[in-house]
>>> print(open('start15.cif').read())   # mmCIF, C-alpha atoms
data_coords
loop_
_atom_site.label_atom_id
_atom_site.label_comp_id
_atom_site.auth_asym_id
_atom_site.auth_seq_id
_atom_site.Cartn_x
_atom_site.Cartn_y
_atom_site.Cartn_z
CA MET A 1 -17.62 5.82 34.30
CA SER A 2 -18.96 2.92 32.30
CA ALA A 3 -16.99 0.77 29.86
CA THR A 4 -19.22 1.93 27.00
CA SER A 5 -18.50 5.59 27.73
CA GLU A 6 -14.76 4.92 27.89
CA SER A 7 -14.90 3.01 24.60
CA ALA A 8 -16.79 5.87 22.95
CA LYS A 9 -14.12 8.37 24.09
CA ASN A 10 -11.38 6.14 22.67
CA ASN A 11 -13.23 5.90 19.36
CA VAL A 12 -13.61 9.68 19.19
CA LYS A 13 -9.88 10.08 19.84
CA LYS A 14 -9.06 7.57 17.10
CA ILE A 15 -11.38 9.31 14.63
CA ALA A 16 -9.89 12.72 15.48
CA ALA A 17 -6.33 11.37 15.10
CA GLY A 18 -7.29 9.83 11.75
CA ALA A 19 -8.82 13.09 10.52
CA VAL A 20 -5.76 15.12 11.57
CA SER A 21 -3.45 12.56 9.95
CA PHE A 22 -5.46 12.68 6.72
CA PHE A 23 -5.33 16.51 6.70
CA ILE A 24 -1.54 16.45 7.23
CA PHE A 25 -1.19 13.85 4.45
CA ILE A 26 -3.11 16.09 2.03
CA LEU A 27 -0.96 19.11 2.98
CA LEU A 28 2.23 17.09 2.40
CA TYR A 29 1.01 15.96 -1.03
CA VAL A 30 0.01 19.51 -2.04
CA ASN A 31 3.46 20.77 -1.00
CA GLU A 32 5.19 17.94 -2.86
CA PHE A 33 3.42 18.78 -6.16
CA SER A 34 5.60 21.88 -6.56
CA TRP A 35 8.69 19.68 -6.16
CA TYR A 36 7.33 17.09 -8.61
CA ALA A 37 7.13 19.86 -11.21
CA ASN A 38 10.90 20.43 -11.05
CA THR A 39 12.01 16.80 -10.64
CA PHE A 40 13.67 15.31 -13.71
CA ASN A 41 12.16 11.95 -14.78
CA ARG A 42 9.26 12.53 -12.36
CA ASN A 43 7.02 10.07 -14.20
CA LYS A 44 9.54 7.29 -13.57
CA LEU A 45 9.76 8.35 -9.91
CA ILE A 46 5.97 8.23 -9.53
CA ILE A 47 5.62 4.89 -11.35
CA MET A 48 8.37 3.32 -9.24
CA GLY A 49 6.68 4.67 -6.10
CA VAL A 50 3.32 3.21 -7.14
CA ILE A 51 4.86 -0.19 -7.95
CA ILE A 52 6.76 -0.31 -4.65
CA GLY A 53 3.58 0.84 -2.86
CA LEU A 54 1.51 -1.90 -4.48
CA MET A 55 4.04 -4.54 -3.48
CA ALA A 56 4.35 -3.21 0.08
CA GLY A 57 0.56 -2.99 0.35
CA LEU A 58 0.21 -6.56 -0.89
CA ALA A 59 2.72 -7.75 1.72
CA VAL A 60 0.94 -5.90 4.54
CA GLY A 61 -2.46 -7.05 3.26
CA TYR A 62 -1.27 -10.65 3.15
CA LYS A 63 -0.16 -10.41 6.80
CA LEU A 64 -3.46 -8.77 7.86
CA GLN A 65 -5.77 -11.02 5.86
CA HIS A 66 -5.59 -13.74 8.50
CA LYS A 67 -7.99 -11.65 10.61
CA SER A 68 -10.80 -12.43 8.16
CA GLN A 69 -12.33 -15.86 7.64
CA GLU A 70 -14.18 -15.13 4.39
CA ILE A 71 -12.43 -15.01 1.03
CA ILE A 72 -14.10 -11.67 0.13
CA GLY A 73 -12.84 -10.17 3.40
CA LYS A 74 -9.30 -11.34 2.65
CA PHE A 75 -9.54 -9.87 -0.85
CA GLN A 76 -10.84 -6.55 0.49
CA ILE A 77 -8.02 -6.31 3.03
CA CYS A 78 -5.32 -7.02 0.40
CA LEU A 79 -6.87 -4.64 -2.13
CA GLY A 80 -7.29 -1.88 0.46
CA MET A 81 -3.68 -2.16 1.62
CA MET A 82 -2.46 -2.13 -2.00
CA MET A 83 -4.46 1.04 -2.70
CA ILE A 84 -3.14 2.75 0.43
CA GLY A 85 0.41 1.76 -0.50
CA ALA A 86 0.00 3.02 -4.08
CA ILE A 87 -1.16 6.40 -2.74
CA VAL A 88 1.24 6.84 0.20
CA ILE A 89 4.54 5.42 -1.07
CA PRO A 90 5.01 7.81 -4.05
CA LEU A 91 4.84 10.71 -1.58
CA ILE A 92 7.35 9.07 0.76
CA PHE A 93 9.55 8.09 -2.21
CA SER A 94 9.61 11.67 -3.54
CA MET A 95 10.12 13.30 -0.13
CA SER A 96 12.95 10.92 0.80
CA ASN A 97 14.59 11.47 -2.61
CA ARG A 98 14.60 15.21 -1.98
CA LEU A 99 15.07 15.54 1.79
CA LEU A 100 17.45 12.67 2.57
CA SER A 101 19.90 13.38 -0.23
CA PHE A 102 23.50 13.91 0.81
CA SER A 103 24.43 15.56 -2.50
CA GLY A 104 25.02 19.26 -2.65
CA ILE A 105 23.37 21.65 -5.07
CA GLN A 106 25.44 21.99 -8.24
CA GLU A 107 24.99 24.82 -10.70
CA GLU A 108 24.70 23.63 -14.30
CA SER A 109 24.74 25.66 -17.46
CA VAL A 110 21.61 25.17 -19.59
CA GLU A 111 20.32 26.80 -22.76
CA PHE A 112 17.43 29.22 -22.29
CA VAL A 113 14.45 28.82 -24.64
CA LYS A 114 11.66 31.02 -23.29
CA SER A 115 9.81 32.13 -20.19
CA GLU A 116 6.08 32.69 -19.77
CA GLY A 117 3.56 33.32 -17.05
CA PHE A 118 0.60 31.08 -16.32
CA ASN A 119 -2.63 31.31 -14.36
CA GLU A 120 -4.02 28.39 -12.42
CA SER A 121 -7.72 27.79 -12.73
CA ARG A 122 -9.85 24.69 -12.79
CA PHE A 123 -11.42 26.14 -15.95
CA GLY A 124 -8.15 26.44 -17.88
CA ARG A 125 -6.05 29.50 -18.60
CA ILE A 126 -7.63 32.85 -17.87
CA PRO A 127 -5.88 35.97 -19.20
CA GLN A 128 -4.86 38.17 -16.27
CA GLU A 129 -2.26 40.81 -15.64
CA ASN A 130 -0.74 39.02 -12.63
CA PRO A 131 0.24 35.41 -13.40
CA ASP A 132 0.01 32.79 -10.64
CA GLY A 133 3.40 31.36 -11.62
CA TYR A 134 6.00 31.20 -14.35
CA TYR A 135 7.36 28.55 -16.68
CA ALA A 136 10.95 28.72 -17.84
CA PHE A 137 11.84 26.42 -20.72
CA VAL A 138 15.47 25.35 -20.93
CA VAL A 139 17.48 22.72 -22.83
CA ARG A 140 19.46 20.36 -20.59
CA ASN A 141 21.38 17.45 -22.09
CA GLY A 142 19.50 17.88 -25.37
CA VAL A 143 16.05 17.72 -23.73
CA VAL A 144 13.67 20.67 -23.36
CA LEU A 145 12.57 20.98 -19.72
CA ARG A 146 9.85 23.12 -18.20
CA LEU A 147 10.72 24.63 -14.83
CA THR A 148 7.96 26.01 -12.62
CA THR A 149 8.46 28.97 -10.27
CA LYS A 150 6.33 31.48 -8.39
CA THR A 151 8.39 34.44 -9.60
CA PRO A 152 9.99 34.99 -13.02
CA ILE A 153 13.55 33.83 -13.66
CA TYR A 154 15.96 34.51 -16.51
CA GLN A 155 14.24 37.84 -17.28
CA GLU A 156 17.30 39.25 -19.07
CA ALA A 157 18.04 36.07 -21.05
CA HIS A 158 17.36 35.66 -24.76
CA LYS A 159 16.71 32.44 -26.66
CA GLY A 160 19.95 30.46 -26.95
CA ASP A 161 21.71 32.12 -23.98
CA GLN A 162 23.47 29.90 -21.46
CA VAL A 163 21.92 30.37 -18.00
CA PRO A 164 22.70 28.79 -14.61
CA LEU A 165 20.40 26.14 -13.12
CA PRO A 166 20.85 24.83 -9.55
CA VAL A 167 20.40 21.01 -9.58
CA LYS A 168 20.64 18.45 -6.78
CA LYS A 169 20.87 14.68 -7.16
CA GLY A 170 18.32 13.02 -4.90
CA LEU A 171 18.76 10.01 -2.64
CA TRP A 172 17.19 7.65 -5.21
CA GLY A 173 19.07 9.19 -8.14
CA PHE A 174 16.31 11.48 -9.41
CA GLU A 175 17.64 15.00 -9.94
CA ILE A 176 15.70 18.04 -8.77
CA ALA A 177 15.99 21.58 -10.14
CA TYR A 178 15.99 24.41 -7.62
CA PRO A 179 15.14 27.44 -9.81
CA HIS A 180 13.75 29.34 -6.81
CA LEU A 181 17.35 29.69 -5.58
CA LEU A 182 18.02 32.00 -8.53
CA HIS A 183 15.91 34.69 -6.80
CA GLU A 184 17.96 34.79 -3.61
#
>>> encode(input="start15.cif", output="structure tokens")
Amino acid sequence: MSATSESAKNNVKKIAAGAVSFFIFILLYVNEFSWYANTFNRNKLIIMGVIIGLMAGLAVGYKLQHKSQEIIGKFQICLGMMMIGAIVIPLIFSMSNRLLSFSGIQEESVEFVKSEGFNESRFGRIPQENPDGYYAFVVRNGVVLRLTTKTPIYQEAHKGDQVPLPVKKGLWGFEIAYPHLLHE
């Protein structure tokens, strides 16, 4: 077998591994979106993840830029690493907040506001008999929150009723609601 043939096989393996890794990355992000929806202060979590990702990407890019002799090549390496960090780290930050937390799930009492079904479509809301998911609006610590679930919760509650809400404090301090536990 020639060296060129062996090199081509290695390149195909690397491309296949990259494609599988990219597919897994997309699946992880899609799964994490449902957890983002029920994370309190999720915008702060995402912004912190992006900032940490940019800094980590800059550090990695700075280390890797020595492979290029031209200034544009060095810039491209740093910018590319920063972009990768800004995309990857928020996912890792959110997953580690949720999965590596040592806190238990605590049930809090919140004030029920309303519940409504929604339909997901890239063209906006479409009236249908079977909603794709449900929003439950509750007041927690004086702030109205929107919880997202696949099945309806608090069906017997009326506006102003106190209802239970399972909440867990994450590893990084961002709390996550677990309304799906109310169905079990």
>>> resolve_selection(input="start15.cif", expression="the PyMOL selection byres ((chain A and resi 161) around 9)", output="number ranges by chain")
A: 110-113, 157-160, 162-163
>>> residues_around(input="start15.cif", residues="region 76-87 of chain A", least_positions_apart="2", cutoff="6 Å", atoms="only C-alpha atoms", output="PyMOL selection string")
chain A and resi 50+53-54+57-58+61+65+73-74+89
>>> atom_distance(input="start15.cif", atom1="CA of Asn130 (chain A)", atom2="CA of Ala37 (chain A)")
20.8 Å
>>> closest_residue(input="start15.cif", among="A:Ser7, A:Ile46, A:Ile72, A:Phe137", to="Phe33 (chain A)", atoms="only C-alpha atoms")
A:Ile46
>>> atom_distance(input="start15.cif", atom1="CA of Ser115 (chain A)", atom2="CA of Phe40 (chain A)")
18.4 Å
>>> closest_residue(input="start15.cif", among="A:Phe23, A:Phe118, A:Tyr134, A:Phe174", to="Phe93 (chain A)", atoms="all atoms listed in the file")
A:Phe174
>>> axis_aligned_box(input="start15.cif", around="region 87-92 of chain A", padding_each_side="3 Å", output="AutoDock Vina command-line options")
--center_x 3.1 --center_y 8.1 --center_z -1.6 --size_x 14.5 --size_y 11.3 --size_z 10.8
>>> resolve_selection(input="start15.cif", expression="the PyMOL selection byres ((chain A and resi 44) around 12)", output="number ranges by chain")
A: 36, 39-43, 45-51, 90, 93-94, 172-175
>>> write_last_selection(input="start15.cif", atoms="C-alpha atoms", output="mmCIF file, keeping the file's coordinate frame")
data_model
loop_
_atom_site.group_PDB
_atom_site.id
_atom_site.type_symbol
_atom_site.label_atom_id
_atom_site.label_comp_id
_atom_site.auth_asym_id
_atom_site.auth_seq_id
_atom_site.Cartn_x
_atom_site.Cartn_y
_atom_site.Cartn_z
ATOM 1 C CA TYR A 36 7.330 17.090 -8.610
ATOM 2 C CA THR A 39 12.010 16.800 -10.640
ATOM 3 C CA PHE A 40 13.670 15.310 -13.710
ATOM 4 C CA ASN A 41 12.160 11.950 -14.780
ATOM 5 C CA ARG A 42 9.260 12.530 -12.360
ATOM 6 C CA ASN A 43 7.020 10.070 -14.200
ATOM 7 C CA LEU A 45 9.760 8.350 -9.910
ATOM 8 C CA ILE A 46 5.970 8.230 -9.530
ATOM 9 C CA ILE A 47 5.620 4.890 -11.350
ATOM 10 C CA MET A 48 8.370 3.320 -9.240
ATOM 11 C CA GLY A 49 6.680 4.670 -6.100
ATOM 12 C CA VAL A 50 3.320 3.210 -7.140
ATOM 13 C CA ILE A 51 4.860 -0.190 -7.950
ATOM 14 C CA PRO A 90 5.010 7.810 -4.050
ATOM 15 C CA PHE A 93 9.550 8.090 -2.210
ATOM 16 C CA SER A 94 9.610 11.670 -3.540
ATOM 17 C CA TRP A 172 17.190 7.650 -5.210
ATOM 18 C CA GLY A 173 19.070 9.190 -8.140
ATOM 19 C CA PHE A 174 16.310 11.480 -9.410
ATOM 20 C CA GLU A 175 17.640 15.000 -9.940
#
>>> residues_around(input="start15.cif", residues="region 106-109 of chain A", least_positions_apart="3", cutoff="7 Å", atoms="all atoms listed in the file", output="list in words")
Gln162, Val163, Pro164, Leu165, Pro166, Val167 and Lys168 of chain A
>>> write_last_selection(input="start15.cif", atoms="C-alpha atoms", output="short mmCIF file (atom, residue, chain, number, x, y, z; two decimals), keeping the file's coordinate frame")
data_model
loop_
_atom_site.label_atom_id
_atom_site.label_comp_id
_atom_site.auth_asym_id
_atom_site.auth_seq_id
_atom_site.Cartn_x
_atom_site.Cartn_y
_atom_site.Cartn_z
CA GLN A 162 23.47 29.90 -21.46
CA VAL A 163 21.92 30.37 -18.00
CA PRO A 164 22.70 28.79 -14.61
CA LEU A 165 20.40 26.14 -13.12
CA PRO A 166 20.85 24.83 -9.55
CA VAL A 167 20.40 21.01 -9.58
CA LYS A 168 20.64 18.45 -6.78
#
>>> atom_distance(input="start15.cif", atom1="CA of Tyr29 (chain A)", atom2="CA of Val139 (chain A)")
28.1 Å
>>> resolve_selection(input="start15.cif", expression="the PyMOL selection byres ((chain A and resi 119) around 6)", output="list in words")
Phe118, Glu120, Arg125, Pro131 and Asp132 of chain A
>>> residues_around(input="start15.cif", residues="Leu28 (chain A)", least_positions_apart="2", cutoff="12 Å", atoms="all atoms listed in the file", output="ChimeraX atom specification")
/A:21-26,30-35,88,90-92,94-95
>>> closest_residue(input="start15.cif", among="A:Gly133, A:Lys114, A:Val138, A:Arg98", to="Glu156 (chain A)", atoms="all atoms listed in the file")
A:Lys114
